[in-house]
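Colleague: Submitted below is the structure of interest, expressed as structure tokens.
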Amino acid sequence: MRKKVIFRGAVLPYLLLLPQMAVTLVFFFWPAGMTVWQSMQREDAFGLRTEFVAFENFLDLFTDAIYLNAAWNTVVFSTSVAALALGSALFLAVQADKQIRGSGLYKTLLVWPYAVAPALAAVLWLFIFHPSIGLVGRGFSAIGIDWDYRVNGGQAMAMVIVAAAWKQVSYNFIFFLAGLQSIPTSVLEAAAIDGARPMRRFWTVVFPLLSPTAFFLLVVNLVYAFFDTFGVIHALTRGGPGNATETLIYKVYVDGVQNLNFGSSAAQSAVLMAIVIALTAIQFRFIERRVHY
Amino acid sequence: MSGATIDVEALAAASRRRKARERFLTHLALILGVAVFALPIWITLVGSTHDTDTIGRGEVPLLPGGEALRNYTRAWSEGGGGRNTFAVPAGTMLLNSFIMAMLIAVGKIAISLLSAFAVVFFAFPFRMVFFWMIFITLMLPVEVRIIPTFQVMTDLSLIDTMTGLTLPLIASATATLLFRQFFLTIPDEYVEAAKVDGAGPLRFFKDVVLPLSATNIAALFVILFIYGWNQYLWPLLMVSNRDLETIIVGLTKMIGIGDTQNEWNLIMTTAVFALLPPVAVVVLMQRWFIKGLTETEK
């Protein structure tokens with residue numbers, strides 16, 4: 001799509017694009033290209049020589065138990081975060097959509113956590129779950145649960161999931177509520193006259209109409225859980241205990257920044273890049289379809 | 001016949017009771033939801049008003065104490081928290097976060113307005129190539145190009161500078177796409193009128209496009225300010241000079257590995273500082289914020 005009436009100018013449009021292009025080339029395309037290039041290189045132990053190893057870094061990755069563990073952690077973490085954040089947001093949005101007093105206030109009180117940084121969400125939940133200073137952490141100990149997320153991997157995973165999902169509920173809530181409000185009341189009234197009970201009405205009428213929103217949010221939530229939750233893990237568990245909460249993104253950081261294993265870190269980045277591209281492509285194909293509704 | 005009337009009344013009463021019960025359950029669910037959101041904040045706010053020992057002993061106070069003024073002034077001007085880290089005053093970190101968030105938000109909006117304007121209102125060779133180049137950056141989040149980007153920053157000596165902290169983050173595909181979408185709805189007659197009046201493209205941009213975009217700019221600003229404020233991985237990589245520390249990263253450094261001996265009251269005070277500005281922006285500009293959110297993601 002484009003405009004019929006336009007300005008003429010030989011140099012001006014390029015000047016207008018210059019700032020965006022400069023930033024994009026220097027900080028996006030160049031490093032992305034380097035990532036792919038470095039993913040096929042290997043440095044010797046002293047960092048003196050590098051050699052071209054083609055796909056060896058990738059082969060090493062896919063046979064490395066620690067990497068596969070991180071991949072599995074990522075699957076568990078992302079699906080749990082998405083399920084928890086989407087489920088509770090949908091439930092709350094359905095409640096807030098009803099004709100009740102104070103619904104505006106409820107909305108404001110449910111929307112604000114969007115502003116909380118993932119790392120900060122992690123810190124807030126740490127105050128609750130810390131084994132010696134946290135309300136719930138101490139409560140667990142009091143009723144005889146051996147609670148210390150700094151030692152127990154399963155507990156650490158549960159905690160990063162709760163903190164990461166908690167922060168994402170507001171976002172999903174806003175979109176579900178907008179989706180619910182765009183459903184014509186006549187459709188709901190027709191279903192009610194047909195004698196459908198509220199639960200049945202929800203699953204046979206409302207939910208199918210919400211499914212485009214739900215699918216869009218599923219992709220957004222997966223992207224969030226994959227890429228934006230670095231702060232949650234870094235602030236709470238540093239990937240530990242052991243490697244129990246080490247996700248793919250966290251491992252890129254550990255191998256690249258702390259272990260200085262550039263070849264492997266770059267190969268891991270390239271794998272992640274492929275995942276983002278796939279997710280973005282799915283998202284856009286779906287949006288194109290939605291336009292035709 | 002009288003039996004039927006009674007039935008109707010009984011039915012109406014039953015339906016009223018059911019409705020009341022439903023309303024009650026709705027309120028209950030929402031209040032529980034709100035409480036789950038508010039609980040961590042309440043604990044943090046309360047914790048920020050007690051002294052270190054109270055929290056360190058694990059008493060977990062549920063009501064505010066009397067140390068608020070002392071904690072807040074100390075955190076603001078001295079900092080503190082972990083035993084092994086060098087303290088940075090929260091005032092410094094807040095200022096850094098504020099400058100970073102503003103530069104990122106304003107920078108993103110400015111360069112996206114310009115590039116969307118070029119792509120929509122001009123015809124020139126490789127127009128769509130530029131457009132797709134901007135679009136593709138959506139698929140290259142900083143997380144997938146950590147090490148090479150860091151090397152670029154080293155080569156340009158941008159480590160430990162505010163420029164390094166903000167400049168790489170101001171390219172914006174989403175903002176460009178949003179403005180492009182909006183510019184396409186500006187009627188052709190406006191451009192024609194401007195041409196008849198002899199106004200050039202820059203004049204048109206300043207007098208017509210910018211004023212028309214005011215709402216979109218405001219909505220986008222809210223989203224981008226929060227995006228900038230909440231940056232984590234990038235400042236963590238870029239900043240080792242603690243004068244440039246931002247509040248979210250600074251906060252997690254105070255906690256370290258979660259040592260029980262930390263000065264938790266000061267950490268909680270700092271968390272409140274970190275929380276206030278973006279939450280205030282969302283609550284005060286809620287309408288713009290929801291508009292910005294639902295429109296950028298379309």
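By order of appearance in the structure tokens: chains A, B, ..., then residues from 1 within every chain, and ligands from 1 in the order shown.
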Please run DSSP on the backbone and report, as a ChimeraX atom specification, all residues within range 30-275 of chain A that come out as helix (DSSP H, G or I).

Modeller: /A:30-38,56-63,65-97,103-115,118-129,135-142,153-181,185-193,198-228,230-236,248-258,262-275

Colleague: Do you know which residues are at most 12 Å from range 140-144 of chain A counting only C-alpha atoms, after dropping those on the same chain fewer than 3 positions away, and could you put them as number ranges by chain?

Modeller: A: 128-137, 147-149, 155; B: 58

Colleague: Would you mind exporting all heavy atoms of the selected residues as a short mmCIF file (atom, residue, chain, number, x, y, z; two decimals), in the first residue's frame?

Modeller:
```cif
data_model
loop_
_atom_site.label_atom_id
_atom_site.label_comp_id
_atom_site.auth_asym_id
_atom_site.auth_seq_id
_atom_site.Cartn_x
_atom_site.Cartn_y
_atom_site.Cartn_z
N ILE A 128 9.22 -12.28 49.29
CA ILE A 128 8.15 -13.14 49.80
C ILE A 128 8.67 -14.56 50.07
O ILE A 128 8.31 -15.19 51.05
CB ILE A 128 7.01 -13.22 48.77
CG1 ILE A 128 6.49 -11.83 48.43
CG2 ILE A 128 5.90 -14.16 49.26
CD1 ILE A 128 5.28 -11.41 49.14
N PHE A 129 9.50 -15.05 49.16
CA PHE A 129 9.87 -16.46 49.20
C PHE A 129 11.23 -16.73 49.84
O PHE A 129 11.65 -17.88 49.94
CB PHE A 129 9.88 -17.05 47.78
CG PHE A 129 8.51 -17.37 47.26
CD1 PHE A 129 8.04 -16.78 46.10
CD2 PHE A 129 7.69 -18.27 47.94
CE1 PHE A 129 6.77 -17.10 45.61
CE2 PHE A 129 6.43 -18.59 47.47
CZ PHE A 129 5.97 -17.99 46.31
N HIS A 130 11.94 -15.67 50.22
CA HIS A 130 13.25 -15.91 50.83
C HIS A 130 13.09 -16.79 52.07
O HIS A 130 12.24 -16.55 52.90
CB HIS A 130 13.89 -14.56 51.21
CG HIS A 130 15.34 -14.65 51.54
ND1 HIS A 130 15.78 -15.12 52.74
CD2 HIS A 130 16.44 -14.37 50.80
CE1 HIS A 130 17.11 -15.11 52.74
NE2 HIS A 130 17.53 -14.66 51.57
N PRO A 131 13.93 -17.84 52.19
CA PRO A 131 13.72 -18.79 53.28
C PRO A 131 13.85 -18.19 54.67
O PRO A 131 13.23 -18.68 55.61
CB PRO A 131 14.78 -19.87 53.04
CG PRO A 131 15.73 -19.30 52.06
CD PRO A 131 15.00 -18.27 51.28
N SER A 132 14.65 -17.13 54.85
CA SER A 132 14.76 -16.61 56.21
C SER A 132 14.11 -15.26 56.43
O SER A 132 13.80 -14.90 57.56
CB SER A 132 16.22 -16.59 56.67
OG SER A 132 16.99 -15.89 55.73
N ILE A 133 13.88 -14.46 55.38
CA ILE A 133 13.22 -13.18 55.63
C ILE A 133 11.84 -13.11 54.98
O ILE A 133 11.11 -12.14 55.17
CB ILE A 133 14.07 -11.98 55.17
CG1 ILE A 133 14.22 -11.99 53.65
CG2 ILE A 133 15.41 -11.93 55.86
CD1 ILE A 133 14.33 -10.61 53.06
N GLY A 134 11.45 -14.09 54.17
CA GLY A 134 10.21 -13.99 53.41
C GLY A 134 9.01 -14.56 54.15
O GLY A 134 9.12 -15.54 54.88
N LEU A 135 7.87 -13.91 53.92
CA LEU A 135 6.63 -14.33 54.58
C LEU A 135 6.29 -15.78 54.23
O LEU A 135 6.12 -16.63 55.10
CB LEU A 135 5.50 -13.39 54.13
CG LEU A 135 4.10 -13.66 54.65
CD1 LEU A 135 4.04 -13.41 56.14
CD2 LEU A 135 3.09 -12.76 53.93
N VAL A 136 6.18 -16.06 52.93
CA VAL A 136 5.78 -17.39 52.49
C VAL A 136 6.91 -18.40 52.71
O VAL A 136 6.68 -19.53 53.13
CB VAL A 136 5.36 -17.36 51.00
CG1 VAL A 136 4.99 -18.76 50.53
CG2 VAL A 136 4.19 -16.41 50.81
N GLY A 137 8.15 -17.96 52.47
CA GLY A 137 9.29 -18.84 52.68
C GLY A 137 9.33 -19.36 54.12
O GLY A 137 9.47 -20.56 54.35
N TRP A 147 12.08 -25.71 52.68
CA TRP A 147 12.06 -24.71 51.61
C TRP A 147 13.35 -23.92 51.56
O TRP A 147 13.68 -23.19 52.50
CB TRP A 147 10.87 -23.77 51.81
CG TRP A 147 10.87 -22.61 50.86
CD1 TRP A 147 11.37 -21.37 51.08
CD2 TRP A 147 10.36 -22.60 49.52
NE1 TRP A 147 11.21 -20.59 49.96
CE2 TRP A 147 10.59 -21.33 48.99
CE3 TRP A 147 9.74 -23.56 48.72
CZ2 TRP A 147 10.23 -20.98 47.70
CZ3 TRP A 147 9.37 -23.21 47.43
CH2 TRP A 147 9.62 -21.92 46.94
N ASP A 148 14.11 -24.06 50.50
CA ASP A 148 15.18 -23.12 50.21
C ASP A 148 15.47 -23.19 48.72
O ASP A 148 16.13 -24.10 48.24
CB ASP A 148 16.44 -23.44 51.00
CG ASP A 148 17.46 -22.30 50.92
OD1 ASP A 148 17.30 -21.45 50.01
OD2 ASP A 148 18.38 -22.26 51.73
N TYR A 149 14.96 -22.18 48.01
CA TYR A 149 15.11 -22.19 46.55
C TYR A 149 16.57 -22.04 46.11
O TYR A 149 16.90 -22.24 44.96
CB TYR A 149 14.24 -21.10 45.92
CG TYR A 149 14.73 -19.71 46.24
CD1 TYR A 149 15.64 -19.05 45.42
CD2 TYR A 149 14.29 -19.05 47.39
CE1 TYR A 149 16.09 -17.79 45.73
CE2 TYR A 149 14.76 -17.79 47.70
CZ TYR A 149 15.65 -17.17 46.87
OH TYR A 149 16.12 -15.93 47.18
N GLN A 155 12.27 -26.09 43.41
CA GLN A 155 11.70 -24.90 44.04
C GLN A 155 12.18 -23.64 43.33
O GLN A 155 11.41 -22.69 43.14
CB GLN A 155 12.10 -24.86 45.52
CG GLN A 155 11.47 -25.98 46.32
CD GLN A 155 12.00 -26.04 47.75
OE1 GLN A 155 12.87 -25.26 48.13
NE2 GLN A 155 11.46 -26.96 48.53
N GLY B 58 13.88 -12.15 60.67
CA GLY B 58 12.84 -12.92 60.01
C GLY B 58 11.48 -12.72 60.62
O GLY B 58 10.62 -13.58 60.56
#
```

Colleague: Can you list, as a short mmCIF file (atom, residue, chain, number, x, y, z; two decimals) with N, CA, C and O atoms, in the first residue's frame, every protein, DNA or RNA residue that comes within 12 Å of range 178-186 of chain A when you count only C-alpha atoms, leaving out same-chain residues fewer than 6 positions away?

Modeller:
```
data_model
loop_
_atom_site.label_atom_id
_atom_site.label_comp_id
_atom_site.auth_asym_id
_atom_site.auth_seq_id
_atom_site.Cartn_x
_atom_site.Cartn_y
_atom_site.Cartn_z
N LEU A 90 -6.96 -14.49 31.56
CA LEU A 90 -8.28 -14.71 30.95
C LEU A 90 -9.35 -14.75 32.02
O LEU A 90 -10.41 -14.13 31.90
N PHE A 91 -9.07 -15.47 33.11
CA PHE A 91 -10.03 -15.57 34.19
C PHE A 91 -10.36 -14.18 34.75
O PHE A 91 -11.52 -13.81 34.89
N LEU A 92 -9.33 -13.38 35.02
CA LEU A 92 -9.55 -12.05 35.59
C LEU A 92 -10.27 -11.13 34.60
O LEU A 92 -11.13 -10.35 34.98
N ALA A 93 -9.92 -11.26 33.31
CA ALA A 93 -10.55 -10.39 32.31
C ALA A 93 -12.04 -10.71 32.21
O ALA A 93 -12.88 -9.81 32.10
N VAL A 94 -12.41 -12.00 32.26
CA VAL A 94 -13.82 -12.37 32.20
C VAL A 94 -14.57 -11.77 33.38
O VAL A 94 -15.68 -11.25 33.24
N GLN A 95 -13.94 -11.82 34.57
CA GLN A 95 -14.59 -11.23 35.75
C GLN A 95 -14.73 -9.72 35.60
O GLN A 95 -15.77 -9.15 35.89
N ALA A 96 -13.66 -9.06 35.14
CA ALA A 96 -13.67 -7.60 35.08
C ALA A 96 -14.58 -7.08 33.97
O ALA A 96 -14.98 -5.92 33.97
N ASP A 97 -14.93 -7.96 33.01
CA ASP A 97 -15.78 -7.55 31.90
C ASP A 97 -17.25 -7.51 32.32
O ASP A 97 -18.09 -6.94 31.64
N LYS A 98 -17.58 -8.15 33.46
CA LYS A 98 -18.98 -8.18 33.90
C LYS A 98 -19.41 -6.81 34.36
O LYS A 98 -18.61 -5.97 34.75
N GLN A 99 -20.74 -6.58 34.33
CA GLN A 99 -21.29 -5.29 34.75
C GLN A 99 -21.30 -5.23 36.27
O GLN A 99 -22.26 -5.66 36.89
N LYS A 107 -9.69 -2.59 37.20
CA LYS A 107 -8.82 -2.58 36.02
C LYS A 107 -7.50 -1.90 36.34
O LYS A 107 -6.43 -2.44 36.06
N TYR A 171 -0.38 -7.58 31.03
CA TYR A 171 -0.34 -7.41 29.59
C TYR A 171 -1.44 -8.25 28.94
O TYR A 171 -2.25 -7.75 28.15
N ASN A 172 -1.51 -9.53 29.32
CA ASN A 172 -2.52 -10.42 28.75
C ASN A 172 -3.92 -9.95 29.12
O ASN A 172 -4.84 -10.00 28.31
N ALA A 192 -27.89 -16.48 25.37
CA ALA A 192 -28.61 -16.55 26.64
C ALA A 192 -30.06 -16.92 26.41
O ALA A 192 -30.65 -17.72 27.15
N ILE A 193 -30.67 -16.33 25.37
CA ILE A 193 -32.08 -16.64 25.06
C ILE A 193 -32.22 -18.11 24.68
O ILE A 193 -33.18 -18.77 25.04
N PHE A 202 -19.65 -19.33 27.72
CA PHE A 202 -18.25 -18.93 27.61
C PHE A 202 -17.49 -19.84 26.65
O PHE A 202 -16.81 -19.37 25.74
N VAL A 205 -19.32 -19.79 22.85
CA VAL A 205 -19.47 -18.53 22.11
C VAL A 205 -18.28 -17.60 22.33
O VAL A 205 -17.62 -17.17 21.39
N VAL A 206 -17.99 -17.31 23.61
CA VAL A 206 -16.98 -16.28 23.89
C VAL A 206 -15.58 -16.77 23.52
O VAL A 206 -14.85 -16.09 22.80
N PHE A 207 -15.24 -17.95 23.98
CA PHE A 207 -13.85 -18.40 23.78
C PHE A 207 -13.46 -18.52 22.30
O PHE A 207 -12.39 -18.05 21.92
N PRO A 208 -14.33 -19.11 21.45
CA PRO A 208 -13.96 -19.16 20.03
C PRO A 208 -13.73 -17.76 19.44
O PRO A 208 -12.81 -17.57 18.64
N LEU A 209 -14.54 -16.77 19.89
CA LEU A 209 -14.36 -15.41 19.37
C LEU A 209 -13.08 -14.78 19.90
O LEU A 209 -12.53 -13.87 19.30
N LEU A 210 -12.62 -15.27 21.04
CA LEU A 210 -11.39 -14.73 21.62
C LEU A 210 -10.14 -15.42 21.08
O LEU A 210 -9.03 -14.98 21.33
N SER A 211 -10.32 -16.52 20.37
CA SER A 211 -9.16 -17.33 20.04
C SER A 211 -8.08 -16.60 19.22
O SER A 211 -6.90 -16.86 19.42
N PRO A 212 -8.46 -15.66 18.32
CA PRO A 212 -7.36 -14.91 17.66
C PRO A 212 -6.49 -14.17 18.67
O PRO A 212 -5.27 -14.21 18.61
N THR A 213 -7.15 -13.48 19.63
CA THR A 213 -6.41 -12.78 20.68
C THR A 213 -5.55 -13.76 21.47
O THR A 213 -4.39 -13.51 21.75
N ALA A 214 -6.14 -14.90 21.81
CA ALA A 214 -5.42 -15.88 22.63
C ALA A 214 -4.19 -16.40 21.89
O ALA A 214 -3.12 -16.54 22.48
N PHE A 215 -4.33 -16.63 20.59
CA PHE A 215 -3.20 -17.15 19.84
C PHE A 215 -2.09 -16.10 19.73
O PHE A 215 -0.91 -16.40 19.93
N PHE A 216 -2.50 -14.86 19.44
CA PHE A 216 -1.53 -13.77 19.38
C PHE A 216 -0.78 -13.67 20.71
O PHE A 216 0.44 -13.58 20.76
N LEU A 217 -1.53 -13.73 21.81
CA LEU A 217 -0.91 -13.61 23.13
C LEU A 217 0.01 -14.79 23.43
O LEU A 217 1.04 -14.63 24.08
N ILE B 290 -2.82 2.20 27.43
CA ILE B 290 -3.55 1.08 26.83
C ILE B 290 -3.66 1.26 25.32
O ILE B 290 -3.52 0.31 24.56
N LYS B 291 -3.86 2.51 24.90
CA LYS B 291 -3.90 2.79 23.47
C LYS B 291 -2.57 2.43 22.82
O LYS B 291 -2.52 1.73 21.81
N LEU B 293 -0.27 0.42 23.85
CA LEU B 293 0.01 -1.01 23.90
C LEU B 293 -0.77 -1.76 22.83
O LEU B 293 -0.21 -2.54 22.05
N THR B 294 -2.08 -1.52 22.77
CA THR B 294 -2.89 -2.31 21.84
C THR B 294 -2.59 -1.91 20.39
O THR B 294 -2.78 -2.71 19.50
N GLU B 295 -2.11 -0.69 20.16
CA GLU B 295 -1.86 -0.32 18.78
C GLU B 295 -0.48 -0.70 18.28
O GLU B 295 -0.32 -1.02 17.11
#
```

Colleague: Please find the residues of chain B near chain A - the criterion being any atom within 6 Å, counting only C-alpha atoms - and write them as a PyMOL selection string.

Modeller: chain B and resi 26+34+40+58+60+111+114-115+118+121-122+139+144-145+148-149+168+171+188+230+252+278-279

Colleague: Just the residues within 12 Å of Lys206 in chain B, please, counting only C-alpha atoms, with nothing from its chain fewer than 6 positions along; format it as a ChimeraX atom specification.

Modeller: /B:113-114,117,194,199-200,212-214

Colleague: Since we have the selection now, will you write its residues out, keeping all heavy atoms, as a compact mmCIF listing (two decimals), in the first residue's frame?

Modeller:
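Result file again-v3.txt:
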```
# COMPACT_ATOMS: atom_id res chain seq x y z
N LEU B 113 9.90 8.60 13.56
CA LEU B 113 9.07 9.57 12.85
C LEU B 113 9.72 9.93 11.52
O LEU B 113 9.08 9.94 10.47
CB LEU B 113 8.92 10.85 13.68
CG LEU B 113 7.81 10.91 14.73
CD1 LEU B 113 8.00 12.13 15.61
CD2 LEU B 113 6.45 10.96 14.06
N LEU B 114 11.04 10.21 11.56
CA LEU B 114 11.74 10.61 10.34
C LEU B 114 11.73 9.50 9.30
O LEU B 114 11.41 9.74 8.13
CB LEU B 114 13.20 10.99 10.66
CG LEU B 114 13.39 12.24 11.52
CD1 LEU B 114 14.88 12.49 11.75
CD2 LEU B 114 12.75 13.45 10.85
N PHE B 117 8.30 8.90 7.85
CA PHE B 117 7.96 10.00 6.95
C PHE B 117 8.61 9.79 5.58
O PHE B 117 7.96 9.94 4.54
CB PHE B 117 8.42 11.33 7.58
CG PHE B 117 8.06 12.54 6.78
CD1 PHE B 117 6.73 12.91 6.62
CD2 PHE B 117 9.06 13.32 6.19
CE1 PHE B 117 6.40 14.04 5.89
CE2 PHE B 117 8.72 14.44 5.45
CZ PHE B 117 7.39 14.80 5.30
N ALA B 194 -0.73 21.30 0.73
CA ALA B 194 0.58 21.81 1.13
C ALA B 194 1.39 22.18 -0.10
O ALA B 194 2.05 23.22 -0.16
CB ALA B 194 1.33 20.76 1.95
N ALA B 199 4.41 24.70 0.28
CA ALA B 199 5.15 24.21 1.44
C ALA B 199 5.96 22.99 1.04
O ALA B 199 5.46 22.09 0.39
CB ALA B 199 4.18 23.85 2.57
N GLY B 200 7.21 22.98 1.46
CA GLY B 200 8.07 21.83 1.17
C GLY B 200 7.80 20.70 2.14
O GLY B 200 7.00 20.84 3.08
N LEU B 212 -0.65 16.18 13.90
CA LEU B 212 -1.60 15.08 13.76
C LEU B 212 -1.16 13.84 14.54
O LEU B 212 -1.97 13.02 14.94
CB LEU B 212 -1.77 14.69 12.27
CG LEU B 212 -2.60 15.63 11.40
CD1 LEU B 212 -2.57 15.16 9.95
CD2 LEU B 212 -4.03 15.72 11.90
N SER B 213 0.16 13.69 14.71
CA SER B 213 0.67 12.49 15.37
C SER B 213 0.73 12.60 16.88
O SER B 213 1.15 11.65 17.55
CB SER B 213 2.09 12.17 14.86
OG SER B 213 2.16 12.27 13.48
N ALA B 214 0.31 13.76 17.42
CA ALA B 214 0.52 14.00 18.86
C ALA B 214 0.00 12.85 19.72
O ALA B 214 0.70 12.38 20.62
CB ALA B 214 -0.13 15.31 19.26
```

Colleague: Write out as JSON lines the residues of range 130-216 of chain A that have any atom within 9 Å of an atom of range 57-77 of chain A, one row each with the nearest atom pair and its distance in Å to one decimal, counting only C-alpha atoms, sorted by chain and then rising number.

Modeller:
```
{"residue": "A:Met157", "atom": "CA", "partner": "A:Phe77", "partner_atom": "CA", "distance": 7.4}
{"residue": "A:Ala158", "atom": "CA", "partner": "A:Phe77", "partner_atom": "CA", "distance": 8.7}
{"residue": "A:Val160", "atom": "CA", "partner": "A:Phe77", "partner_atom": "CA", "distance": 8.2}
{"residue": "A:Ile161", "atom": "CA", "partner": "A:Phe77", "partner_atom": "CA", "distance": 6.2}
```

Colleague: What's the separation between CA of Thr204 in chain A and CA of Ala191 in chain A, in Å to one decimal place?

Modeller: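 Between CA of Thr204 in chain A and CA of Ala191 in chain A the gap works out to 9.2 Å.
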
Colleague: Just the number, please: distance in Å from CA of Trp132 in chain B to CA of Phe289 in chain B, one decimal.

Modeller: 27.4 Å

Colleague: Just checking: using only C-alpha atoms, which residue out of B:Gly292, B:Gly80, B:Gly164, B:Pro187 ends up closest to Ile217 in chain B?

Modeller: B:Gly292

Colleague: I want to know what sits within 10 Å of Val106 in chain B, based on only C-alpha atoms, with residues of the same chain fewer than 6 positions away left out; could you give that as JSON, numbers by chain?

Modeller: {"B": [112, 170, 217, 220, 221, 224, 225]}

Colleague: Would you work out the distance separating CA of Thr247 in chain A from CA of Tyr224 in chain A, expressed in Å to one decimal?

Modeller: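 Going from CA of Thr247 in chain A over to CA of Tyr224 in chain A, I get 12.9 Å.
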
Colleague: Leaving out Leu45 in chain B and any residue of its chain fewer than 3 positions from it, which residues lie within 12 Å of it when counting only C-alpha atoms, given as a PyMOL selection string?

Modeller: (chain A and resi 124+127) or (chain B and resi 38-42+48-50+60-65+67-68+71-72+264-273+275-276)
